[in-house]
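The structure appears below as structure tokens.
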Amino acid sequence: MNRLFRRVFLLVGLWLTAAGTLLADPIQAIVDQVSETYYTSFLRDGLYTRQGNNRNDGQPDHENAKAFIYTTLQSFGLSTSYDTGTYGGIPYTNVVAALPGQLHPGQIYIVGAHYDSVDCPGADDNASGVAAVLEAARILSQYQFERTILFIAFDREEDGLIGSYGYATAHASDDIRGMLSLDMIAFNHVDPAYQNKAWVTRAYTAAPAGTQTALANALSTYSTITPITGIMGYSDHVPFASFGQGSALLIEYAMSAYQNPYYHSSNDYTLNSLGQAQTWMYGGQPYLYIDYAYATQMTRGVVGYLASVAGLMEPPIVIPEPASIWLFAAGSNLVMVLYLRRRKGRLLHRRNRQTQNDKPLPLLAA
């Protein structure tokens, strides 16, 4: 190979190396699989969130939702079980699905959401969080991680965090590295002061801030949500606050009775009996109550966090971005053109030599 070709191949190699930096990173490739379609189906069609439904404990829809969560998690190939017990004399039944770690199975990360409601459909509070847990499980179950991820639907949060306290107490000796509670993530207030923002809080000031910080960073990296950090001790993250790097609550910025018009009411539903989406009024204008796109962005941040901290073992095959494809094509075409020119030059050189050899020898003078 002559000097020209060495230079050409070196140039192409440098181009392709640069193109490699343009490839989507493995975590991004996983996050990009978060689907608004799947999320919407879980929330609207599977979790009993329509007008007239009631997921309060003891109600039929509570049991129906629990069964749906179980069968859905199991369908992803996850080891799924009912975690039953009592806490403070109150019975509970959590649904737990495990994605075992391949290198450090004893190191555990938890993402959870409560599936009970306050005598209402509880579309936002808190089927919205459960739908995110299911969507995260659907995607992450396709991959292997160094550490274990647990997907948990907690029972009786509305009765005093019963299910989460029961689980945390029973597993106090487990190596739980971090825990996320997803609670009310689908009401996106249209006022710019609230829109597309979310609280990422830890339970109390002295609680470890590692999980809170990591989740806020993941939301900033993998979603369009602006995270606002703070302190809030009202959800299932509280019992896990002292574990590992602590716990964090992800919740809509216009939360609870402060700005959410249907908090803990029978109007907290997805569709009415006619199949019409629930709306709310603001500034004299109607808006959709459940913002599926907003909740999907929340889910993207959660998936990005879990895929990062759990330690992805088998990165997915990523598709080059257009710039990378262009560089590869340009480099390949340049090599081919130079090769053909060089080959053509060699053929012409051989032909000229053959022509010269075929010429008759000149006659010598007598």
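Going through the structure tokens in order, the chains are called A, B, and so on, while each chain numbers its residues from 1 and the ligands are numbered from 1 in the order shown.
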
Would you pick out the contacts of segment 53-56 of chain A at 12 Å or less, using only C-alpha atoms, so that residues sharing its chain but fewer than 5 positions from it are not included, and give the list as a ChimeraX atom specification? /A:44-48,61-66,114-123,125-127,155-159,264-273

Each residue of segment 29-113 of chain A with at least one atom at most 10 Å from segment 305-308 of chain A should appear once, together with its nearest atom pair and the corresponding distance in Å (one decimal); atoms considered: only C-alpha atoms; ordering: chain, then increasing residue number; output as a Markdown table.
```
| residue | atom | partner | partner_atom | distance |
| --- | --- | --- | --- | --- |
| A:Ile30 | CA | A:Ala307 | CA | 7.9 |
| A:Val31 | CA | A:Ala307 | CA | 8.5 |
| A:Tyr109 | CA | A:Leu306 | CA | 7.6 |
| A:Ile110 | CA | A:Leu306 | CA | 8.7 |
| A:Val111 | CA | A:Leu306 | CA | 8.3 |
```

Counting only C-alpha atoms, closest pick from A:His104, A:Gly160, A:Ala170, A:Gln74 relative to Gly88 of chain A is A:Gly160

Near segment 232-239 of chain A, counting only C-alpha atoms, which residues have an atom at most 10 Å away, once you skip same-chain residues fewer than 2 positions from it, shown as number ranges by chain? A: 110-114, 154-158, 160-169, 172, 178-183, 199-205, 207, 229-230, 241-243, 246-251

Would you please extract all strand (DSSP E) residues from segment 9-257 of chain A, as assigned by DSSP on the backbone, and give them as a PyMOL selection string? chain A and resi 79-87+90-99+104-114+147-154+175-182+197-202+226-231+247-252

Nearest to Tyr92 of chain A, restricted to only C-alpha atoms and choosing among A:Ile185, A:Asp57, A:Thr221, A:Asp25, comes out as A:Asp57

Identify, on the basis of only C-alpha atoms, every residue whose closest approach to Pro100 of chain A does not exceed 12 Å; exclude the query and any residue fewer than 5 positions from it along the same chain; express the result as a VMD selection string. chain A and resid 77 to 80 105 to 110 140 to 141 143 to 151 310 to 311

Which of these residues is nearest to Ile139 of chain A, using only C-alpha atoms: A:Ala214, A:Pro261, A:Gln33, A:Val309? A:Gln33

I need the residues in segment 234-315 of chain A that are helix (DSSP H, G or I) according to DSSP; give them as an MDAnalysis selection string. chainID A and resid 238:240 256:259 292:310

List the neighbours of Glu36 of chain A out to 6 Å using only C-alpha atoms; skip same-chain residues closer than 3 positions along the sequence, and give me the result as a CSV table (one decimal) with N, CA and C atoms, in the first residue's frame.
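Dumped everything to selection_19.csv:
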```
chain,number,residue,atom,x,y,z
A,39,TYR,N,-47.7,4.1,27.9
A,39,TYR,CA,-48.0,4.7,29.2
A,39,TYR,C,-49.5,5.0,29.2
A,40,THR,N,-50.0,5.6,28.2
A,40,THR,CA,-51.5,6.0,28.1
A,40,THR,C,-52.3,4.7,28.3
A,296,THR,N,-45.1,11.0,30.4
A,296,THR,CA,-44.1,10.2,29.7
A,296,THR,C,-42.7,10.8,29.9
```

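Considering only C-alpha atoms, the residue among A:Gly244, A:Gly301, A:Pro286, A:Pro208 positioned nearest to Ile231 of chain A is A:Pro208.
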
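Closest to Leu99 of chain A among A:Tyr82, A:Phe76, A:Tyr87, A:Tyr289 is A:Phe76, based on only C-alpha atoms.
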